[in-house]
Every structure is written in C-alpha cells, then in structure tokens.
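*Asks:* My questions all concern the structure below.
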Amino acid sequence: AENLCNKGQMELFFNPFDNLVCILLGISFTVWFTLLLVFIIVPAIFGVSFGIRRLYMKTLLKVFEWATLRIERGVSIVDFLSVSTIPAIIAKEPTSLEEEIKEIRRSGSNKDLDSATEFELSDIFYFARRGVESIMDDEVTKRFSAEELESWNLLTRSNYNFHYISLRLTVLWGLGLLIRYGFLLPLRVTLAFTGVGLLVFLTSVVGLLPNGRMKNFLSEKVHLMCYRICVRALTAIITYHDSENKPKNGGICVANHTSPIDVIILASDGCYAMVGQIHGGLMGVIQRSMVKACPHIWFERSEVKDRHLVAKRLSDHVEDKSKLPILIFPEGTCINNTSVMMFKKGSFEIGATVYPVAIKYDPRFGDAFWNSSKFGMVSYLLRMMSSWAIVCSVWYLPPMSREEGEDAVQFANRVKAAIARQGGLVDLLWDGGLKRAKVKDTFKEEQQKLYSKMLVGTQEDRSRS
C-alpha cells in the first residue's frame with residue numbers, strides 16, 4: 001500500500017510537468033508551421049519576396065568582412081599574403097609548339113637553326129616539360145575540385161589554410177555552426193520535403209485533367225510554386241538579368257552546369273520541359289508524377305545511347321510551338337563554377353532556336369559545385385542545406401540560331417563562348433567526360449601531327465633552298 005501511495009504521489013508530481021511539455025511542444029510546432037506558411041509557402045505561391053533573404057545576405061557579408069579583418073590582424077602580413085594570394089603553380093605563356101622547340105634548340109646549341117637536322121635530341125625536353133606541367137597543373141582536373149576561397153566564410157570546409165586565430169573567431173564559428181545545423185538545416189529540410197511532396201501530389205492531380213489550356217495553366221503554376229519552395233529550402237538568393245530574353249516555347253535552353261540545383265534555379269523563374277534518363281526510387285516517383293502534368297522527355301537506360309532516337313524525340317518536341325522550351329546542359333557533367341567545357345553537339349543539330357543562359361554562383365556563401373566522384377546526392381544536398389546560402393546570378397542571353405555554312409560543333413562552340421563571356425568563366429575546349437574517362441588517342445595524335453608538320457615543313461624549306 002505504501003508503494004502504491006508513493007507511486008500515486010510521483011504520478012501527481014510528474015503529470016503537470018508532462019502536460020506543460022506537451023503544451024510547449026504544441027505551441028512551438030504551431031508557431032513554426034505558421035511562420036513557414038506565412039513567410040515562405042504563401043510568398044512562393046504568389047512569386048513575391050519580403051526581402052528577408054537579401055537582408056540576410058548583406059548581414060553575412062558584414063560578418064565575413066569583420067572575420068577577414070580579424071584574420072589579417074591575427075596573422076603576420078607575410079603569412080597572410082602567402083595564404084591569400086597564392087600564385088599559379090606554373091606560369092604558362094601562349095606560345096606555339098614550333099616556337100618553343102626553336103627556343104630550346106637556340107638555347108641548347110650554337111648551330112644555325114636553318115641548318116638543323118630533322119630531329120634533335122633536345123626536342124624531347126619540350127614534350128617532357130609539357131607532360132610534367134600537365135601532371136602538376138592541368139586545365140581539366142582542377143575544374144572538378146571545389147574553389148579555394150581567399151577569405152574565410154566561417155565554414156570549416158571552405159578554406160583549409162586558416163587555423164586558430166583568436167577566441168572571438170572561434171566563438172563566432174561555433175555560433176555559426178549552431179545556427180546552421182540547429183536552425184537553418186531543420187528549416188530547410190522541412191521546406192525541401194514540403195516542396196517535393198507538393199510537387200508529386202499536385203502534378204499527379206493536375207495530370208488527371210484533360211489536355212487543354214486549363215491543364216497547362218495549372219501545371220505551370222504548380223511547377224513554379226513547388227520550385228520556389230525548393231529554392232527557399234536552399235536559401236537561394238538569385239538575381240535574374242535580361243528577362244526579355246527568357247526562352248520561348250519551341251526553343252532549346254542551354255546553360256553551363258555546376259550543380260543539380262541548376263534545374264531548380266532556372267525552373268523557379270520559368271517552366272521548362274526536362275530531358276533525362278528514367279530513374280528508380282524517389283527520383284522515379286517524381287519523374288512519373290511530373291510527366292503526367294507536363295510533357296517532359298524521359299528516356300529508358302537502353303535508349304540514352306541511341307543518338308538518332310534522342311534527336312528524333314527532341315526534334316518532335318520543338319516542332320510543336322505549344323510545348324515548353326527544352327532545358328539541356330550540353331556539358332554533360334558538373335564543372336566547378338570557374339569555366340565552361342566542351343558542349344556536346346547533339347542539341348545543336350536539331351536546328352531549333354537556342355536560348356543561351358549563363359549561371360554564376362558566389363562561392364563566398366557556399367560552394368554549389370557537385371563533385372559526384374566524391375559525394376553522393378544525399379551527402380551533397382546536406383552540404384548545401386548546411387551552408388550559409390546559395391547566391392547566384394543568371395543571365396538570359398539573346399536567342400541564337402545556326403548560321404549558313406556552320407556545322408553543329410561550330411554552333412555549339414559559339415554558344416559556349418557567349419555563355420563563358422557573359423558569366424566571366426574560362427572557355428575550355430576539353431571534354432568534361434575526361435572527369436572519369438581516359439584521354440582519347442586523337443588528342444595525342446594531334447600533338448604528334450603538329451610536331452611532324454613542323455619537321456616536314458623544315459625539310460621542304462631546306463629542299464627549296
């Protein structure tokens with residue numbers, strides 16, 4: 001009886017406490033979802049913004065400036081300059097193969113170059129040096145690694161050169177860690193699930209409607225709303241330029257590719273028909289629901305390598321001027337926000353109007369580049385959602401068409417050059433497929449042909465003389 005009495009007293013003691021906890025949790029969740037609805041979901045539906053993200057970005061810039069000043073004070077000038085202004089590993093000058101070999105021959109021999117033999121042993125030093133340069137600092141490999149920032153943005157992963165400087169900076173970093181993982185990450189995960197869940201549900205509902213203007217209208221509004229919610233899940237602050245050049249129906253939108261979120265960045269400002277391979281799992285569920293409301297172009301794994309079938313599907317789509325513009329990333333892989341690599345020619349063979357778009361991210365707030373060989377999709381998205389923000393600029397360039405006498409490769413290079421110029425990116429001719437594949441023999445043969453041409457030309461010159 002005494003035990004029962006004690007147990008009853010304990011229950012009376014804890015019950016009010018339990019009720020209080022439940023009430024506080026209920027109030028917390030109610031406030032949380034009310035703020036979520038009022039400040040994020042409703043503005044996303046109507047495409048408006050209260051300017052909170054812009055104010056947040058300006059505040060972060062002030063904090064970064066203060067942190068940089070503290071670092072400059074805490075590190076000696078020599079050490080700081082050696083960290084923040086690291087020169088290129090190898091200084092390269094744009095000279096031709098023939099000029100460089102002649103220079104080597106001139107410096108290594110007192111003989112007249114005109115009387116030189118067809119081949120000199122010193123020529124191998126040119127190829128040996130170029131080989132070492134490629135190993136140490138090639139133009140391709142460094143395009144698939146994250147940018148190293150000159151200043152610290154209070155993210156541990158953003159700059160590995162800076163270590164402990166002062167207690168204030170350490171406390172600030174700890175506070176930032178708490179804000180990013182304790183507040184921003186749960187908020188962003190909630191928004192992401194909300195956006196994706198609404199996209200799957202609403203596109204499935206819209207897909208039940210008969211084809212017509214009403215279905216197209218609702219599909220466009222649903223896609224825009226859901227993508228804008230997903231943009232807010234990344235705290236993405238996007239500046240769109242030259243909106244009068246936005247892609248029109250019956251055209252093809254091509255853009256440089258840094259991250260999978262490029263799709264969300266562009267689709268939150270306009271609707272596109274997506275092109276891609278059919279996946280399983282959650283991605284497959286999303287694809288099947290989206291295609292019910294909008295004519296996206298999904299391919300089976302066995303169909304992707306059939307270039308003629310892909311071209312036929314794309315051509316049929318752009319011929320129908322009532323269908324949305326196709327969104328394509330011709331590089332075929334993600335590049336680290338510093339350059340644009342070779343565009344695959346397939347989308348430029350169709351003959352449709354091409355609408356180039358340049359995307360440039362600001363790495364000070366978070367690195368948007370997806371290194372797929374190092375991080376899986378889930379790991380990458382968690383890194384994005386635990387960053388400060390995703391800040392980028394998008395430029396809509398004037399539409400471009402294939403000129404008379406211009407082949408698909410030349411057209412692709414012209415579009416790529418325009419995107420690189422507008423986005424302040426390096427224009428490279430290398431294939432992004434080198435990220436995982438070996439260098440093709442044709443690249444090696446090209447160097448051999450240049451050297452052979454130089455020797456044959458020298459021999460012809462000597463025979464004339």
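As shown in the structure tokens, the chain order sets the letters A, B, ...; within each chain, residues go from 1, and ligands are also counted from 1 in the order they appear.
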Give me the residues within 12 Å of A:Ser347 as a compact mmCIF listing (two decimals) with N, CA, C and O atoms, in the first residue's frame, counting only C-alpha atoms and dropping any in the same chain fewer than 4 places off.
*Replies:*
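The new file result.txt reads:
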```
# COMPACT_ATOMS: atom_id res chain seq x y z
N GLY A 251 11.67 26.31 -78.35
CA GLY A 251 13.12 26.52 -78.38
C GLY A 251 13.85 25.58 -77.44
O GLY A 251 13.24 24.75 -76.76
N ILE A 252 15.17 25.72 -77.42
CA ILE A 252 16.01 24.91 -76.54
C ILE A 252 16.84 25.85 -75.67
O ILE A 252 17.54 26.72 -76.18
N CYS A 253 16.74 25.68 -74.36
CA CYS A 253 17.52 26.47 -73.41
C CYS A 253 18.76 25.68 -73.03
O CYS A 253 18.66 24.55 -72.55
N VAL A 254 19.94 26.24 -73.29
CA VAL A 254 21.19 25.57 -72.92
C VAL A 254 21.93 26.45 -71.90
O VAL A 254 21.96 27.67 -72.02
N ALA A 255 22.52 25.81 -70.90
CA ALA A 255 23.19 26.54 -69.83
C ALA A 255 24.42 25.78 -69.37
O ALA A 255 24.53 24.56 -69.57
N VAL A 275 14.79 17.02 -69.74
CA VAL A 275 15.28 15.88 -70.51
C VAL A 275 16.19 15.07 -69.62
O VAL A 275 17.07 15.63 -68.95
N ARG A 307 21.53 7.90 -80.35
CA ARG A 307 21.55 9.33 -80.66
C ARG A 307 20.42 9.72 -81.60
O ARG A 307 19.83 10.80 -81.49
N HIS A 308 20.09 8.84 -82.55
CA HIS A 308 19.04 9.16 -83.52
C HIS A 308 17.67 9.22 -82.85
O HIS A 308 16.85 10.10 -83.15
N VAL A 310 17.12 9.90 -79.63
CA VAL A 310 17.11 11.09 -78.79
C VAL A 310 16.85 12.33 -79.63
O VAL A 310 16.02 13.19 -79.28
N ALA A 311 17.56 12.45 -80.75
CA ALA A 311 17.39 13.61 -81.64
C ALA A 311 15.96 13.68 -82.18
O ALA A 311 15.39 14.77 -82.29
N LYS A 312 15.38 12.52 -82.49
CA LYS A 312 14.00 12.48 -83.02
C LYS A 312 13.01 12.96 -81.96
O LYS A 312 12.11 13.77 -82.26
N ARG A 313 13.17 12.50 -80.72
CA ARG A 313 12.27 12.92 -79.65
C ARG A 313 12.38 14.44 -79.40
O ARG A 313 11.37 15.13 -79.21
N LEU A 314 13.60 14.95 -79.39
CA LEU A 314 13.80 16.39 -79.17
C LEU A 314 13.24 17.20 -80.33
O LEU A 314 12.61 18.25 -80.13
N SER A 315 13.48 16.72 -81.55
CA SER A 315 13.01 17.44 -82.74
C SER A 315 11.48 17.50 -82.78
O SER A 315 10.89 18.55 -83.09
N VAL A 318 10.27 20.24 -80.20
CA VAL A 318 10.45 21.66 -80.53
C VAL A 318 9.61 22.07 -81.73
O VAL A 318 9.33 23.27 -81.91
N ILE A 326 12.82 23.24 -74.11
CA ILE A 326 13.59 22.14 -73.51
C ILE A 326 14.79 22.72 -72.76
O ILE A 326 15.46 23.63 -73.24
N LEU A 327 15.06 22.19 -71.58
CA LEU A 327 16.22 22.62 -70.80
C LEU A 327 17.30 21.54 -70.89
O LEU A 327 17.07 20.39 -70.51
N ILE A 328 18.48 21.93 -71.38
CA ILE A 328 19.59 20.99 -71.58
C ILE A 328 20.88 21.60 -71.06
O ILE A 328 21.13 22.80 -71.21
N PHE A 329 21.71 20.75 -70.46
CA PHE A 329 23.06 21.13 -70.03
C PHE A 329 24.05 20.36 -70.91
O PHE A 329 24.37 19.21 -70.60
N PRO A 330 24.54 20.98 -71.99
CA PRO A 330 25.30 20.24 -73.00
C PRO A 330 26.67 19.74 -72.52
O PRO A 330 27.26 18.90 -73.20
N GLU A 331 27.18 20.25 -71.40
CA GLU A 331 28.48 19.77 -70.92
C GLU A 331 28.39 18.31 -70.47
O GLU A 331 29.39 17.58 -70.52
N GLY A 332 27.22 17.89 -70.00
CA GLY A 332 27.03 16.51 -69.61
C GLY A 332 27.57 16.15 -68.24
O GLY A 332 27.43 15.01 -67.79
N PHE A 343 30.75 21.58 -75.23
CA PHE A 343 29.33 21.29 -75.36
C PHE A 343 29.15 20.11 -76.32
O PHE A 343 29.72 20.11 -77.42
N GLY A 351 18.39 22.14 -85.15
CA GLY A 351 18.01 23.28 -85.98
C GLY A 351 17.04 24.22 -85.31
O GLY A 351 16.56 25.16 -85.95
N ALA A 352 16.75 24.01 -84.03
CA ALA A 352 15.84 24.90 -83.31
C ALA A 352 16.57 26.13 -82.81
O ALA A 352 17.82 26.17 -82.76
N THR A 353 15.81 27.15 -82.42
CA THR A 353 16.39 28.34 -81.82
C THR A 353 16.95 28.01 -80.45
O THR A 353 16.29 27.35 -79.64
N VAL A 354 18.17 28.45 -80.19
CA VAL A 354 18.84 28.16 -78.92
C VAL A 354 18.84 29.42 -78.07
O VAL A 354 19.19 30.51 -78.52
N TYR A 355 18.45 29.25 -76.81
CA TYR A 355 18.44 30.35 -75.85
C TYR A 355 19.54 30.10 -74.81
O TYR A 355 19.35 29.32 -73.87
N ARG A 402 21.57 28.74 -85.85
CA ARG A 402 22.69 28.22 -86.64
C ARG A 402 22.83 29.01 -87.94
O ARG A 402 21.86 29.18 -88.68
N ALA A 408 27.27 21.80 -86.55
CA ALA A 408 26.78 21.75 -85.17
C ALA A 408 27.88 22.04 -84.16
O ALA A 408 27.64 22.70 -83.14
N VAL A 409 29.10 21.56 -84.41
CA VAL A 409 30.21 21.79 -83.48
C VAL A 409 30.57 23.27 -83.41
O VAL A 409 30.77 23.83 -82.33
N PHE A 411 28.60 25.79 -84.10
CA PHE A 411 27.48 26.47 -83.45
C PHE A 411 27.56 26.28 -81.93
O PHE A 411 27.39 27.24 -81.16
N ALA A 412 27.84 25.06 -81.50
CA ALA A 412 27.96 24.78 -80.06
C ALA A 412 29.09 25.61 -79.44
O ALA A 412 28.93 26.16 -78.34
N VAL A 415 27.98 29.29 -79.06
CA VAL A 415 27.08 29.46 -77.92
C VAL A 415 27.87 29.37 -76.61
O VAL A 415 27.67 30.16 -75.68
```
*Asks:* To one decimal in Å, tell me the separation between atom CA of A:Cys226 and atom CA of A:Met274.
*Replies:*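 About the pair atom CA of A:Cys226 and atom CA of A:Met274: they are 15.3 Å apart.
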*Asks:* How many Å lie between atom CA of A:Val38 and atom CA of A:His223, rounded to one decimal?
*Replies:*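 Value for the atom CA of A:Val38-atom CA of A:His223 distance: 19.6 Å.
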*Asks:* Would you work out the distance separating atom CA of A:Gly424 from atom CA of A:Val394, expressed in Å to one decimal?
*Replies:*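 Separation between atom CA of A:Gly424 and atom CA of A:Val394: 11.9 Å.
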*Asks:* Kindly indicate which residue among A:Ala389, A:Ile335, A:Leu37, A:Leu169 lies nearest to A:Arg70, using only C-alpha atoms for the distances.
*Replies:*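 Closest to A:Arg70 of all the choices is A:Leu169.
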*Asks:* Taking the chain letters and numbering used in this document, name the residues of stretch 318-432 of chain A that DSSP puts in alpha helix (DSSP H), as a list in words.
*Replies:*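 Alpha helix (DSSP H) members of stretch 318-432 of chain A, listed: Val318, Glu319, Met377, Val378, Ser379, Tyr380, Leu381, Leu382, Arg383, Met384, Met385, Ala408, Val409, Gln410, Phe411, Ala412, Asn413, Arg414, Val415, Lys416, Ala417, Ala418, Ile419, Ala420, Arg421, Gln422 and Gly423 of chain A.
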*Asks:* Report as a PDB file with all heavy atoms, in the first residue's frame all protein, DNA and RNA residues lying within 12 Å of A:Gly51, evaluated on only C-alpha atoms, omitting residues in the same chain fewer than 2 positions from it.
*Replies:*
```
ATOM      1  N   PHE A  39       5.575  33.199 -44.217  1.00  0.00           N
ATOM      2  CA  PHE A  39       6.766  33.840 -44.764  1.00  0.00           C
ATOM      3  C   PHE A  39       7.427  33.084 -45.913  1.00  0.00           C
ATOM      4  O   PHE A  39       8.278  33.652 -46.585  1.00  0.00           O
ATOM      5  CB  PHE A  39       7.798  34.054 -43.648  1.00  0.00           C
ATOM      6  CG  PHE A  39       7.396  35.106 -42.659  1.00  0.00           C
ATOM      7  CD1 PHE A  39       6.855  34.757 -41.433  1.00  0.00           C
ATOM      8  CD2 PHE A  39       7.546  36.450 -42.963  1.00  0.00           C
ATOM      9  CE1 PHE A  39       6.482  35.730 -40.520  1.00  0.00           C
ATOM     10  CE2 PHE A  39       7.173  37.426 -42.063  1.00  0.00           C
ATOM     11  CZ  PHE A  39       6.638  37.067 -40.832  1.00  0.00           C
ATOM     12  N   ILE A  40       7.051  31.837 -46.131  1.00  0.00           N
ATOM     13  CA  ILE A  40       7.741  31.066 -47.170  1.00  0.00           C
ATOM     14  C   ILE A  40       6.772  30.476 -48.194  1.00  0.00           C
ATOM     15  O   ILE A  40       6.900  30.733 -49.389  1.00  0.00           O
ATOM     16  CB  ILE A  40       8.591  29.947 -46.526  1.00  0.00           C
ATOM     17  CG1 ILE A  40       9.707  30.581 -45.674  1.00  0.00           C
ATOM     18  CG2 ILE A  40       9.199  29.055 -47.592  1.00  0.00           C
ATOM     19  CD1 ILE A  40      10.558  29.600 -44.938  1.00  0.00           C
ATOM     20  N   PRO A  43       4.294  33.301 -49.949  1.00  0.00           N
ATOM     21  CA  PRO A  43       5.044  34.103 -50.932  1.00  0.00           C
ATOM     22  C   PRO A  43       5.492  33.290 -52.143  1.00  0.00           C
ATOM     23  O   PRO A  43       5.543  33.817 -53.262  1.00  0.00           O
ATOM     24  CB  PRO A  43       6.251  34.600 -50.122  1.00  0.00           C
ATOM     25  CG  PRO A  43       5.790  34.602 -48.715  1.00  0.00           C
ATOM     26  CD  PRO A  43       4.883  33.416 -48.600  1.00  0.00           C
ATOM     27  N   VAL A  48       6.292  36.286 -54.686  1.00  0.00           N
ATOM     28  CA  VAL A  48       6.741  37.546 -54.083  1.00  0.00           C
ATOM     29  C   VAL A  48       7.778  37.239 -53.011  1.00  0.00           C
ATOM     30  O   VAL A  48       7.943  36.095 -52.572  1.00  0.00           O
ATOM     31  CB  VAL A  48       5.562  38.328 -53.464  1.00  0.00           C
ATOM     32  CG1 VAL A  48       4.560  38.713 -54.520  1.00  0.00           C
ATOM     33  CG2 VAL A  48       4.898  37.500 -52.362  1.00  0.00           C
ATOM     34  N   SER A  49       8.502  38.267 -52.590  1.00  0.00           N
ATOM     35  CA  SER A  49       9.520  38.110 -51.564  1.00  0.00           C
ATOM     36  C   SER A  49       9.468  39.304 -50.625  1.00  0.00           C
ATOM     37  O   SER A  49       9.240  40.443 -51.048  1.00  0.00           O
ATOM     38  CB  SER A  49      10.915  38.002 -52.202  1.00  0.00           C
ATOM     39  OG  SER A  49      11.923  37.967 -51.217  1.00  0.00           O
ATOM     40  N   ARG A  53      15.725  37.363 -47.319  1.00  0.00           N
ATOM     41  CA  ARG A  53      16.950  36.685 -47.753  1.00  0.00           C
ATOM     42  C   ARG A  53      18.023  37.688 -48.184  1.00  0.00           C
ATOM     43  O   ARG A  53      19.213  37.481 -47.933  1.00  0.00           O
ATOM     44  CB  ARG A  53      16.640  35.723 -48.893  1.00  0.00           C
ATOM     45  CG  ARG A  53      15.928  34.450 -48.447  1.00  0.00           C
ATOM     46  CD  ARG A  53      15.508  33.606 -49.628  1.00  0.00           C
ATOM     47  NE  ARG A  53      14.489  34.266 -50.425  1.00  0.00           N
ATOM     48  CZ  ARG A  53      14.139  33.895 -51.648  1.00  0.00           C
ATOM     49  NH1 ARG A  53      14.763  32.889 -52.222  1.00  0.00           N
ATOM     50  NH2 ARG A  53      13.183  34.520 -52.300  1.00  0.00           N
ATOM     51  N   ARG A  54      17.620  38.789 -48.805  1.00  0.00           N
ATOM     52  CA  ARG A  54      18.587  39.823 -49.211  1.00  0.00           C
ATOM     53  C   ARG A  54      19.220  40.469 -47.977  1.00  0.00           C
ATOM     54  O   ARG A  54      20.435  40.713 -47.947  1.00  0.00           O
ATOM     55  CB  ARG A  54      17.883  40.884 -50.055  1.00  0.00           C
ATOM     56  CG  ARG A  54      17.263  40.374 -51.342  1.00  0.00           C
ATOM     57  CD  ARG A  54      18.263  40.269 -52.448  1.00  0.00           C
ATOM     58  NE  ARG A  54      17.696  39.655 -53.645  1.00  0.00           N
ATOM     59  CZ  ARG A  54      18.373  39.409 -54.753  1.00  0.00           C
ATOM     60  NH1 ARG A  54      19.663  39.700 -54.798  1.00  0.00           N
ATOM     61  NH2 ARG A  54      17.791  38.846 -55.793  1.00  0.00           N
ATOM     62  N   LEU A  55      18.391  40.746 -46.985  1.00  0.00           N
ATOM     63  CA  LEU A  55      18.906  41.327 -45.744  1.00  0.00           C
ATOM     64  C   LEU A  55      19.848  40.350 -45.052  1.00  0.00           C
ATOM     65  O   LEU A  55      20.907  40.742 -44.529  1.00  0.00           O
ATOM     66  CB  LEU A  55      17.730  41.681 -44.822  1.00  0.00           C
ATOM     67  CG  LEU A  55      18.087  42.283 -43.459  1.00  0.00           C
ATOM     68  CD1 LEU A  55      18.823  43.612 -43.642  1.00  0.00           C
ATOM     69  CD2 LEU A  55      16.827  42.474 -42.619  1.00  0.00           C
ATOM     70  N   TYR A  56      19.491  39.073 -45.081  1.00  0.00           N
ATOM     71  CA  TYR A  56      20.332  38.021 -44.508  1.00  0.00           C
ATOM     72  C   TYR A  56      21.694  37.977 -45.214  1.00  0.00           C
ATOM     73  O   TYR A  56      22.747  37.860 -44.570  1.00  0.00           O
ATOM     74  CB  TYR A  56      19.593  36.693 -44.639  1.00  0.00           C
ATOM     75  CG  TYR A  56      20.391  35.456 -44.333  1.00  0.00           C
ATOM     76  CD1 TYR A  56      20.814  35.157 -43.051  1.00  0.00           C
ATOM     77  CD2 TYR A  56      20.711  34.557 -45.351  1.00  0.00           C
ATOM     78  CE1 TYR A  56      21.535  34.002 -42.774  1.00  0.00           C
ATOM     79  CE2 TYR A  56      21.430  33.402 -45.093  1.00  0.00           C
ATOM     80  CZ  TYR A  56      21.836  33.138 -43.801  1.00  0.00           C
ATOM     81  OH  TYR A  56      22.546  31.993 -43.541  1.00  0.00           O
ATOM     82  N   MET A  57      21.689  38.097 -46.553  1.00  0.00           N
ATOM     83  CA  MET A  57      22.930  38.070 -47.330  1.00  0.00           C
ATOM     84  C   MET A  57      23.816  39.264 -46.979  1.00  0.00           C
ATOM     85  O   MET A  57      25.038  39.117 -46.795  1.00  0.00           O
ATOM     86  CB  MET A  57      22.614  38.072 -48.827  1.00  0.00           C
ATOM     87  CG  MET A  57      23.852  38.030 -49.726  1.00  0.00           C
ATOM     88  SD  MET A  57      23.445  38.102 -51.486  1.00  0.00           S
ATOM     89  CE  MET A  57      22.896  39.817 -51.616  1.00  0.00           C
ATOM     90  N   LYS A  58      23.239  40.459 -46.860  1.00  0.00           N
ATOM     91  CA  LYS A  58      24.021  41.643 -46.523  1.00  0.00           C
ATOM     92  C   LYS A  58      24.621  41.531 -45.124  1.00  0.00           C
ATOM     93  O   LYS A  58      25.765  41.945 -44.886  1.00  0.00           O
ATOM     94  CB  LYS A  58      23.136  42.891 -46.625  1.00  0.00           C
ATOM     95  CG  LYS A  58      22.701  43.228 -48.047  1.00  0.00           C
ATOM     96  CD  LYS A  58      21.778  44.439 -48.077  1.00  0.00           C
ATOM     97  CE  LYS A  58      21.334  44.759 -49.500  1.00  0.00           C
ATOM     98  NZ  LYS A  58      20.399  45.922 -49.549  1.00  0.00           N
ATOM     99  N   THR A 235      17.838  28.500 -49.221  1.00  0.00           N
ATOM    100  CA  THR A 235      18.060  29.929 -49.009  1.00  0.00           C
ATOM    101  C   THR A 235      18.801  30.505 -50.220  1.00  0.00           C
ATOM    102  O   THR A 235      19.829  31.182 -50.105  1.00  0.00           O
ATOM    103  CB  THR A 235      18.866  30.194 -47.707  1.00  0.00           C
ATOM    104  OG1 THR A 235      18.337  29.388 -46.656  1.00  0.00           O
ATOM    105  CG2 THR A 235      18.757  31.662 -47.292  1.00  0.00           C
ATOM    106  N   ILE A 237      19.482  32.915 -53.152  1.00  0.00           N
ATOM    107  CA  ILE A 237      19.270  34.326 -53.477  1.00  0.00           C
ATOM    108  C   ILE A 237      19.714  34.510 -54.925  1.00  0.00           C
ATOM    109  O   ILE A 237      20.911  34.496 -55.227  1.00  0.00           O
ATOM    110  CB  ILE A 237      20.063  35.234 -52.527  1.00  0.00           C
ATOM    111  CG1 ILE A 237      19.663  34.924 -51.074  1.00  0.00           C
ATOM    112  CG2 ILE A 237      19.823  36.697 -52.849  1.00  0.00           C
ATOM    113  CD1 ILE A 237      20.641  35.425 -50.049  1.00  0.00           C
ATOM    114  N   ILE A 238      18.753  34.652 -55.820  1.00  0.00           N
ATOM    115  CA  ILE A 238      19.030  34.616 -57.263  1.00  0.00           C
ATOM    116  C   ILE A 238      18.726  35.973 -57.875  1.00  0.00           C
ATOM    117  O   ILE A 238      17.685  36.575 -57.602  1.00  0.00           O
ATOM    118  CB  ILE A 238      18.176  33.539 -57.960  1.00  0.00           C
ATOM    119  CG1 ILE A 238      18.223  32.229 -57.170  1.00  0.00           C
ATOM    120  CG2 ILE A 238      18.648  33.318 -59.388  1.00  0.00           C
ATOM    121  CD1 ILE A 238      17.161  31.233 -57.570  1.00  0.00           C
TER     122      ILE A 238
END
```
*Asks:* Using only C-alpha atoms, what table do you get, as CSV, when you list each residue of stretch 45-70 of chain A with an atom no more than 12 Å from stretch 171-191 of chain A, its nearest pair of atoms, and their distance in Å rounded to one decimal, rows by chain then rising number?
*Replies:*
```
residue,atom,partner,partner_atom,distance
A:Leu60,CA,A:Gly176,CA,10.5
A:Val63,CA,A:Leu172,CA,9.3
A:Phe64,CA,A:Leu172,CA,10.6
A:Trp66,CA,A:Leu172,CA,10.8
A:Ala67,CA,A:Leu172,CA,8.8
A:Arg70,CA,A:Leu172,CA,11.5
```
*Asks:* Go ahead and save the residues from that selection, with C-alpha atoms, as a PDB file, in the first residue's frame.
*Replies:*
```
ATOM      1  CA  LEU A  60      26.548  37.748 -43.736  1.00  0.00           C
ATOM      2  CA  VAL A  63      30.242  39.318 -40.708  1.00  0.00           C
ATOM      3  CA  PHE A  64      32.650  37.925 -43.328  1.00  0.00           C
ATOM      4  CA  TRP A  66      34.814  41.519 -39.904  1.00  0.00           C
ATOM      5  CA  ALA A  67      36.189  37.950 -39.785  1.00  0.00           C
ATOM      6  CA  ARG A  70      40.400  39.704 -37.572  1.00  0.00           C
TER       7      ARG A  70
END
```
*Asks:* With only C-alpha atoms as the basis for distance, which of A:Gln447, A:Tyr380, A:Met290, A:Val357 is at the shortest distance from A:Tyr126?
*Replies:*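 Checking each candidate against A:Tyr126, we get A:Gln447 as the closest.
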*Asks:* Tell me, which residues of stretch 210-376 of chain A carry DSSP strand (DSSP E), written as an MDAnalysis selection string?
*Replies:* chainID A and resid 236:241 252:255 273:277 297:299 326:328 339:340 354:362
*Asks:* Would you mind telling me which residue in A:Ala368, A:Val291, A:Leu324, A:Ile23 lies nearest to A:Arg383 when using only C-alpha atoms?
*Replies:*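 Of all the options, A:Ala368 lies closest to A:Arg383.
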